[in-house]
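Structure file work-v9.cif (mmCIF, C-alpha atoms) is printed below.
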data_run
loop_
_atom_site.label_atom_id
_atom_site.label_comp_id
_atom_site.auth_asym_id
_atom_site.auth_seq_id
_atom_site.Cartn_x
_atom_site.Cartn_y
_atom_site.Cartn_z
CA MET A 1 79.21 85.49 70.87
CA ALA A 2 81.54 82.56 71.41
CA GLU A 3 81.28 80.90 74.79
CA ARG A 4 84.25 81.45 77.03
CA PRO A 5 86.16 78.24 77.63
CA PRO A 6 86.15 77.08 81.25
CA PRO A 7 89.14 78.36 83.24
CA GLN A 8 92.20 76.22 82.92
CA ARG A 9 92.98 74.10 85.97
CA MET A 10 96.55 73.76 87.20
CA ARG A 11 98.27 71.86 89.95
CA VAL A 12 101.32 73.26 91.74
CA ARG A 13 104.16 70.76 91.64
CA ALA A 14 104.94 69.21 94.99
CA TRP A 15 108.70 69.42 94.61
CA GLY A 16 110.77 69.49 97.76
CA THR A 17 113.27 72.33 97.63
CA LYS A 18 114.68 72.44 101.12
CA GLY A 19 117.40 75.08 101.37
CA LEU A 20 116.90 76.39 97.83
CA HIS A 21 115.42 79.73 96.83
CA ALA A 22 111.99 78.75 95.50
CA ARG A 23 109.01 80.97 94.72
CA ALA A 24 106.15 78.54 95.14
CA PRO A 25 104.97 78.69 98.76
CA TRP A 26 104.98 75.37 100.62
CA TYR A 27 101.33 75.67 101.57
CA LEU A 28 100.31 75.64 97.90
CA ARG A 29 102.45 72.73 96.71
CA GLY A 30 100.38 69.89 95.31
CA LYS A 31 97.25 72.08 95.37
CA THR A 32 94.96 72.63 92.39
CA GLY A 33 93.54 75.97 91.29
CA ILE A 34 92.30 77.81 88.23
CA VAL A 35 94.18 80.31 86.11
CA GLU A 36 92.87 83.69 87.22
CA ARG A 37 94.99 85.52 84.63
CA ARG A 38 98.26 85.34 82.77
CA LEU A 39 100.78 87.99 83.70
CA GLY A 40 103.41 87.76 80.97
CA ALA A 41 106.94 86.40 81.35
CA TYR A 42 109.50 87.38 83.97
CA LYS A 43 113.10 86.36 84.58
CA ASN A 44 113.20 83.23 86.69
CA PRO A 45 113.93 84.40 90.26
CA GLU A 46 115.18 80.93 91.17
CA GLN A 47 118.07 81.49 88.72
CA LEU A 48 118.51 85.18 89.54
CA ALA A 49 118.89 84.28 93.22
CA TYR A 50 122.12 82.42 92.42
CA GLY A 51 123.50 84.92 89.91
CA LEU A 52 122.76 82.56 87.03
CA PRO A 53 121.61 83.65 83.59
CA ALA A 54 117.82 83.79 83.95
CA GLU A 55 115.29 82.97 81.27
CA PRO A 56 111.90 84.65 81.12
CA VAL A 57 109.26 82.27 82.48
CA PRO A 58 105.50 82.78 82.04
CA LEU A 59 103.87 83.84 85.28
CA TYR A 60 100.28 82.97 86.20
CA ARG A 61 97.89 84.06 88.89
CA ILE A 62 96.31 80.91 90.23
CA ARG A 63 93.17 81.04 92.37
CA PHE A 64 92.74 78.35 95.03
CA THR A 65 89.76 77.80 97.27
CA MET A 66 90.33 77.61 101.02
CA ALA A 67 88.69 74.16 100.87
CA GLU A 68 91.38 72.97 98.42
CA ILE A 69 94.22 74.25 100.58
CA TRP A 70 93.00 73.51 104.10
CA GLY A 71 90.38 70.80 103.57
CA ASP A 72 87.94 70.35 106.42
CA GLU A 73 89.93 72.82 108.51
CA ALA A 74 89.09 75.70 106.15
CA GLU A 75 87.74 78.75 107.92
CA ARG A 76 85.31 79.32 104.99
CA PRO A 77 85.53 76.82 102.09
CA ASP A 78 84.57 79.30 99.34
CA ASP A 79 87.00 82.07 100.27
CA THR A 80 90.01 82.14 97.98
CA ILE A 81 93.74 82.69 97.81
CA ASP A 82 95.31 84.04 94.63
CA ALA A 83 99.06 83.58 94.20
CA GLU A 84 101.57 84.22 91.43
CA ILE A 85 103.14 80.96 90.30
CA TYR A 86 105.78 80.50 87.57
CA GLU A 87 104.98 78.09 84.77
CA HIS A 88 107.67 75.53 85.63
CA TRP A 89 105.90 75.01 88.95
CA LEU A 90 102.57 74.18 87.28
CA GLU A 91 101.14 71.11 85.61
CA PRO A 92 97.90 71.39 83.65
CA ILE A 93 95.07 69.13 84.76
CA ALA A 94 92.76 67.44 82.32
CA GLU A 95 89.03 67.47 83.00
CA GLY A 96 88.05 64.60 85.27
CA ASP A 97 91.61 64.10 86.53
CA ASP A 98 90.95 65.53 89.94
CA HIS A 99 93.44 66.01 92.70
CA ALA A 100 93.26 63.00 94.99
CA PRO A 101 93.98 64.24 98.49
CA MET B 102 115.43 120.42 139.53
CA PRO B 103 113.81 117.89 137.25
CA HIS B 104 116.83 115.58 136.97
CA ASP B 105 118.16 115.84 140.50
CA HIS B 106 117.41 112.34 141.65
CA HIS B 107 120.07 110.18 143.22
CA ASP B 108 118.01 107.11 143.84
CA HIS B 109 119.18 105.24 140.75
CA ASP B 110 122.18 104.95 138.51
CA HIS B 111 121.89 107.29 135.54
CA GLY B 112 124.63 105.76 133.45
CA HIS B 113 122.04 104.57 130.92
CA ASP B 114 123.33 101.03 130.61
CA HIS B 115 119.79 99.70 130.73
CA ALA B 116 119.72 96.12 131.81
CA PRO B 117 117.87 93.64 129.61
CA GLY B 118 114.25 93.62 130.67
CA ALA B 119 114.39 97.17 132.03
CA LEU B 120 111.42 99.39 131.21
CA SER B 121 111.27 103.03 130.12
CA PRO B 122 109.36 105.51 132.31
CA SER B 123 106.31 104.87 130.11
CA GLY B 124 106.56 101.14 130.69
CA HIS B 125 108.05 99.98 127.39
CA PRO B 126 111.08 97.70 127.12
CA TYR B 127 114.27 99.33 125.85
CA ARG B 128 115.53 98.05 122.53
CA ALA B 129 118.73 96.08 123.10
CA ASP B 130 121.95 97.77 121.97
CA GLN B 131 123.29 96.24 118.79
CA ASP B 132 126.65 95.14 120.17
CA GLY B 133 126.78 91.78 118.39
CA PRO B 134 129.02 91.12 115.40
CA LEU B 135 127.87 92.28 111.96
CA THR B 136 126.00 89.77 109.86
CA ARG B 137 127.54 88.77 106.55
CA ALA B 138 124.98 90.91 104.68
CA GLN B 139 125.69 93.95 106.86
CA ALA B 140 129.44 93.63 106.32
CA LEU B 141 128.88 93.27 102.57
CA GLU B 142 126.64 96.34 102.46
CA ILE B 143 129.19 98.48 104.29
CA ALA B 144 132.06 97.24 102.11
CA VAL B 145 130.21 97.86 98.82
CA ARG B 146 128.92 101.26 99.96
CA GLU B 147 132.36 102.46 101.07
CA LEU B 148 133.97 101.19 97.87
CA MET B 149 131.37 102.97 95.72
CA ILE B 150 131.96 106.22 97.60
CA GLU B 151 135.75 105.79 97.41
CA LYS B 152 135.59 105.21 93.65
CA GLY B 153 133.41 108.28 93.18
CA LEU B 154 130.39 106.36 91.85
CA VAL B 155 128.06 107.83 94.49
CA THR B 156 128.41 110.26 97.36
CA ALA B 157 127.31 109.75 100.95
CA ASP B 158 124.90 112.65 100.40
CA GLU B 159 123.26 110.86 97.50
CA ILE B 160 122.79 107.70 99.57
CA ALA B 161 121.27 109.68 102.45
CA ALA B 162 119.00 111.51 99.99
CA ALA B 163 117.83 108.20 98.47
CA ILE B 164 116.98 106.85 101.93
CA ALA B 165 115.14 110.07 102.79
CA ARG B 166 113.19 109.82 99.53
CA MET B 167 112.10 106.25 100.37
CA GLN B 168 111.15 107.22 103.92
CA ALA B 169 109.20 110.25 102.70
CA ARG B 170 106.71 108.12 100.77
CA THR B 171 103.37 107.87 102.54
CA PRO B 172 99.96 106.29 101.97
CA ALA B 173 98.79 109.71 100.68
CA MET B 174 99.87 108.67 97.17
CA GLY B 175 97.69 105.55 97.31
CA ALA B 176 94.79 107.51 98.80
CA ALA B 177 94.97 110.00 95.92
CA VAL B 178 94.77 107.10 93.44
CA VAL B 179 91.74 105.63 95.24
CA ALA B 180 89.93 108.99 95.47
CA ARG B 181 90.48 109.61 91.75
CA ALA B 182 89.13 106.15 90.93
CA TRP B 183 86.03 106.88 93.05
CA THR B 184 85.30 110.13 91.22
CA ASP B 185 86.40 109.36 87.65
CA PRO B 186 85.05 106.13 86.08
CA ASP B 187 87.44 106.39 83.12
CA TYR B 188 90.40 106.64 85.49
CA LYS B 189 89.11 103.65 87.43
CA ALA B 190 88.90 101.61 84.22
CA ARG B 191 92.50 102.55 83.37
CA LEU B 192 93.60 101.71 86.91
CA ILE B 193 92.10 98.23 86.77
CA ALA B 194 93.51 97.63 83.26
CA ASP B 195 97.06 98.88 83.99
CA GLY B 196 97.68 99.91 87.58
CA ARG B 197 101.21 101.11 87.04
CA ALA B 198 100.37 103.48 84.18
CA ALA B 199 97.34 104.88 86.02
CA ALA B 200 99.33 105.44 89.24
CA GLN B 201 102.07 107.13 87.23
CA GLU B 202 99.46 109.54 85.82
CA LEU B 203 99.11 110.93 89.35
CA GLY B 204 102.88 111.12 89.82
CA ALA B 205 103.61 107.84 91.64
CA ASP B 206 107.32 106.98 91.57
CA ILE B 207 106.64 103.41 90.57
CA GLU B 208 109.93 102.17 89.04
CA ALA B 209 109.91 98.72 87.52
CA MET B 210 107.03 97.27 89.49
CA HIS B 211 103.70 96.10 88.14
CA LEU B 212 100.58 97.01 90.04
CA LEU B 213 97.42 94.94 90.23
CA VAL B 214 94.40 96.74 91.65
CA VAL B 215 91.77 94.52 93.27
CA GLU B 216 88.38 96.05 93.89
CA ASN B 217 86.11 95.55 96.89
CA ASP B 218 82.37 95.51 96.31
CA ALA B 219 79.25 94.40 98.15
CA GLN B 220 80.13 90.71 97.62
CA THR B 221 83.94 90.77 97.69
CA HIS B 222 86.59 91.80 100.19
CA ASN B 223 90.27 91.70 99.17
CA VAL B 224 93.27 91.52 101.48
CA VAL B 225 96.98 91.46 100.59
CA VAL B 226 99.89 89.53 102.11
CA CYS B 227 103.32 88.35 101.10
CA THR B 228 103.84 84.95 102.70
CA LEU B 229 107.35 84.47 101.27
CA CYS B 230 108.82 87.77 102.46
CA SER B 231 107.20 91.20 102.73
CA CYS B 232 106.51 92.55 99.21
CA TYR B 233 104.56 95.78 99.54
CA PRO B 234 103.63 98.68 97.22
CA ARG B 235 105.99 101.19 98.86
CA PHE B 236 105.65 103.60 95.93
CA LEU B 237 101.98 104.07 96.89
CA LEU B 238 101.91 103.34 100.63
CA GLY B 239 105.38 104.16 101.96
CA PRO B 240 107.26 101.74 104.23
CA PRO B 241 105.13 98.79 105.43
CA PRO B 242 103.87 98.55 109.01
CA ASP B 243 105.78 96.13 111.23
CA TRP B 244 102.88 93.69 111.51
CA TYR B 245 102.81 93.25 107.73
CA LYS B 246 106.34 91.82 107.87
CA GLN B 247 105.79 89.55 110.82
CA ARG B 248 105.22 85.84 110.69
CA ALA B 249 101.96 86.01 112.65
CA TYR B 250 100.17 88.10 110.01
CA ARG B 251 101.87 86.41 107.06
CA SER B 252 100.95 82.90 108.14
CA ARG B 253 97.57 83.50 109.74
CA VAL B 254 95.93 85.65 107.09
CA VAL B 255 96.07 82.80 104.57
CA ILE B 256 94.68 80.30 107.10
CA GLU B 257 92.02 82.32 108.92
CA PRO B 258 91.60 85.69 107.18
CA ARG B 259 88.20 86.40 108.75
CA ARG B 260 89.52 85.95 112.25
CA VAL B 261 92.56 88.12 111.49
CA LEU B 262 90.35 90.84 109.99
CA GLY B 263 88.15 90.62 113.07
CA GLU B 264 91.20 91.35 115.21
CA PHE B 265 91.72 94.49 113.11
CA GLY B 266 88.13 95.46 113.96
CA LEU B 267 86.67 94.44 110.60
CA ASP B 268 83.73 92.03 110.80
CA LEU B 269 82.56 91.05 107.33
CA ALA B 270 78.99 90.15 106.44
CA GLU B 271 78.21 86.45 105.92
CA ASP B 272 77.60 86.83 102.19
CA VAL B 273 80.92 88.55 101.46
CA THR B 274 83.64 86.41 99.86
CA VAL B 275 87.19 86.99 101.09
CA ARG B 276 89.92 86.97 98.47
CA VAL B 277 93.44 86.80 99.89
CA HIS B 278 96.20 87.87 97.49
CA ASP B 279 99.62 86.36 98.14
CA SER B 280 102.19 88.66 96.57
CA THR B 281 104.64 85.88 95.66
CA ALA B 282 106.39 87.29 92.59
CA ASP B 283 106.54 90.35 90.34
CA MET B 284 103.19 92.01 91.04
CA ARG B 285 102.37 94.49 93.77
CA TYR B 286 98.79 94.89 94.98
CA LEU B 287 96.52 97.75 95.92
CA VAL B 288 93.05 97.17 97.33
CA LEU B 289 90.54 99.60 95.87
CA PRO B 290 88.01 99.93 98.71
CA ALA B 291 84.33 100.54 98.07
CA ARG B 292 83.37 104.20 98.29
CA PRO B 293 81.42 104.73 101.52
CA GLU B 294 77.79 105.72 101.29
CA GLY B 295 77.03 109.28 102.27
CA THR B 296 79.99 110.77 100.38
CA GLU B 297 78.09 111.90 97.29
CA GLY B 298 79.47 115.19 96.03
CA TRP B 299 82.59 115.10 98.20
CA SER B 300 85.80 116.55 96.79
CA GLU B 301 88.67 114.20 95.88
CA GLU B 302 90.65 115.67 98.74
CA ALA B 303 87.92 114.99 101.31
CA LEU B 304 87.51 111.45 99.96
CA ALA B 305 91.25 110.76 100.06
CA ALA B 306 91.27 111.66 103.76
CA LEU B 307 89.02 108.61 104.40
CA VAL B 308 91.42 106.18 102.73
CA THR B 309 93.91 104.86 105.26
CA ARG B 310 96.91 102.62 104.65
CA ASP B 311 95.05 99.69 106.21
CA CYS B 312 92.13 100.16 103.79
CA MET B 313 94.54 99.74 100.88
CA ILE B 314 96.13 96.59 102.35
CA GLY B 315 92.62 95.31 102.97
CA VAL B 316 92.57 94.96 106.77
CA ALA B 317 90.11 97.86 107.12
CA VAL B 318 87.43 99.67 105.13
CA PRO B 319 86.96 103.44 104.87
CA ARG B 320 84.57 104.82 107.44
CA LEU B 321 82.98 108.22 107.78
CA PRO B 322 84.02 110.19 110.81
CA ASP B 323 81.29 109.99 113.39
CA PRO B 324 79.35 112.26 113.23
CA ALA B 325 79.99 113.10 109.55
CA PRO B 326 81.41 116.64 109.36
CA VAL B 327 79.13 118.99 107.48
CA ALA B 328 82.13 120.97 106.24
CA ALA B 329 83.55 118.02 104.28
CA ALA B 330 80.57 117.97 101.92
CA GLU B 331 80.92 120.67 99.33
#
Structure translated into structure tokens:
Amino acid sequence: MAERPPPQRMRVRAWGTKGLHARAPWYLRGKTGIVERRLGAYKNPEQLAYGLPAEPVPLYRIRFTMAEIWGDEAERPDDTIDAEIYEHWLEPIAEGDDHAP
Amino acid sequence: MPHDHHDHDHGHDHAPGALSPSGHPYRADQDGPLTRAQALEIAVRELMIEKGLVTADEIAAAIARMQARTPAMGAAVVARAWTDPDYKARLIADGRAAAQELGADIEAMHLLVVENDAQTHNVVVCTLCSCYPRFLLGPPPDWYKQRAYRSRVVIEPRRVLGEFGLDLAEDVTVRVHDSTADMRYLVLPARPEGTEGWSEEALAALVTRDCMIGVAVPRLPDPAPVAAAE
């Protein structure tokens, strides 16, 4: 049997979107996680919110560790948060190119 | 006569801060101006009725239908998954289709079912708003929509669960699910020990709303009723 490739790592873009309807929670911006699963494509809610024509955007479930999100303040470093993030909010991370806090 | 007291004004214009006889504050009367969204809702609703697109009866019936949903639907799904391994496999693979098999009125939503086991405890939140699987659990509890739960459960889930009376073992991993987009979530709790041979109905009675959000786990009544085991 072929070996499963390691889970793809993604970083949430750290865009500032003050006042705009955005679907990437602030507390996850700039944080790195792994793709837990792909969910298919859904109309971009950030266009729908303004009555604009909305394109389907691939949606991912990204799994973050508490250590990645909260650092030394984490209640339990290995507990996780899974969130649904649209593809335009994600940038793939190459192996070895770790998030520098 | 029960109401023959003259020692206070009975005009019922309760002052702010006044308490009911049972010691609870009265909800303030909503005498402020309508918000923009409220005015828009009234205008659109009245126009739709005026143009004959819907009737007031139909709107009231739709609200009643939403309010009539209860966690019993979710509990039936969980009990079936506990007793039928094939159903459980279908539920994990495609939550919406499996819930529809049991008659859930699930509309356009997708359902992800996350399973608790000896090493994993799942809990659901929507930090951006208050997304909730109403088609399985009915209207959400107030705390689910409040900022305290929504912000704290992603920062200190174990402490929050402790406040709900749920103390997890050291070796259990907590997985918080932030319902940020198009999925809705149902926690499939672990079937409690000591329920071998129970009917689906008896099992479903153990599955509370909070178990399916993930802030509780099913517990046997204490002491376990002999009658429930058939």
CA of Lys246 in chain B to CA of Ala67 in chain A, straight-line distance in Å: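 CA of Lys246 in chain B lies at a distance of 25.9 Å from CA of Ala67 in chain A.
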Among the residues B:Ala169, B:Val214, B:Ala163, B:Leu307, the one that comes closest to Lys189 in chain B [using only C-alpha atoms]: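 Among the listed residues, B:Val214 lies closest to Lys189 in chain B.
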Matched chain/residue IDs from the PyMOL selection byres ((chain B and resi 253) around 12), as a list in words: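 Applying the PyMOL selection byres ((chain B and resi 253) around 12) to the structure shown produces Tyr27 and Glu75 of chain A; Val226, Cys227, Thr228, Trp244, Tyr245, Gln247, Arg248, Ala249, Tyr250, Arg251, Ser252, Val254, Val255, Ile256, Glu257, Pro258, Arg259, Arg260, Val261, Leu262, Glu264 and Val277 of chain B.
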Output of the PyMOL selection byres ((chain A) within 6 of (chain B)), listed as a list in words: Glu75, Asp79, Thr80, Ile81, Asp82, Ala83 and Glu84 of chain A
Selection result for the PyMOL selection byres ((chain A and resi 85) around 12) on this file, as JSON, numbers by chain: {"A": [10, 11, 12, 13, 22, 23, 24, 25, 26, 28, 29, 31, 32, 33, 34, 35, 36, 37, 38, 39, 40, 41, 42, 44, 45, 57, 58, 59, 60, 61, 62, 63, 64, 82, 83, 84, 86, 87, 88, 89, 90, 91], "B": [279, 280, 281, 282, 283, 284]}
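CA of Glu216 in chain B sits 20.5 Å away from CA of Pro241 in chain B.
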Of the listed residues B:Pro319, B:Gly295, B:Pro122, B:Pro290, that which approaches Asp218 in chain B most closely, counting only C-alpha atoms: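 So, comparing all the options, the nearest one is B:Pro290.
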Residues within 12 Å of (108.8, 108.2, 102.8), file coords, all atoms listed in the file, listed as a VMD selection string: chain B and resid 162 to 174 206 235 to 241
Selected residue of minimal separation from Val215 in chain B among B:Arg320, B:Arg181, B:Arg128, B:Arg285, counting all atoms listed in the file: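 Among the listed residues, the smallest separation from Val215 in chain B belongs to B:Arg285.
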Coordinates-based distance that separates CA of Val179 in chain B from CA of Leu212 in chain B (Å, one decimal):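 For CA of Leu212 in chain B relative to CA of Val179 in chain B, the distance reads 13.4 Å.
Every protein or nucleic acid residue with an atom no more than 8 Å from Leu213 in chain B, counting all atoms listed in the file and leaving out same-chain residues fewer than 5 positions away, appears here: B:Ile193, B:Asp195, B:Gly196, B:Arg197, B:Met284, B:Arg285, B:Tyr286, B:Leu287.
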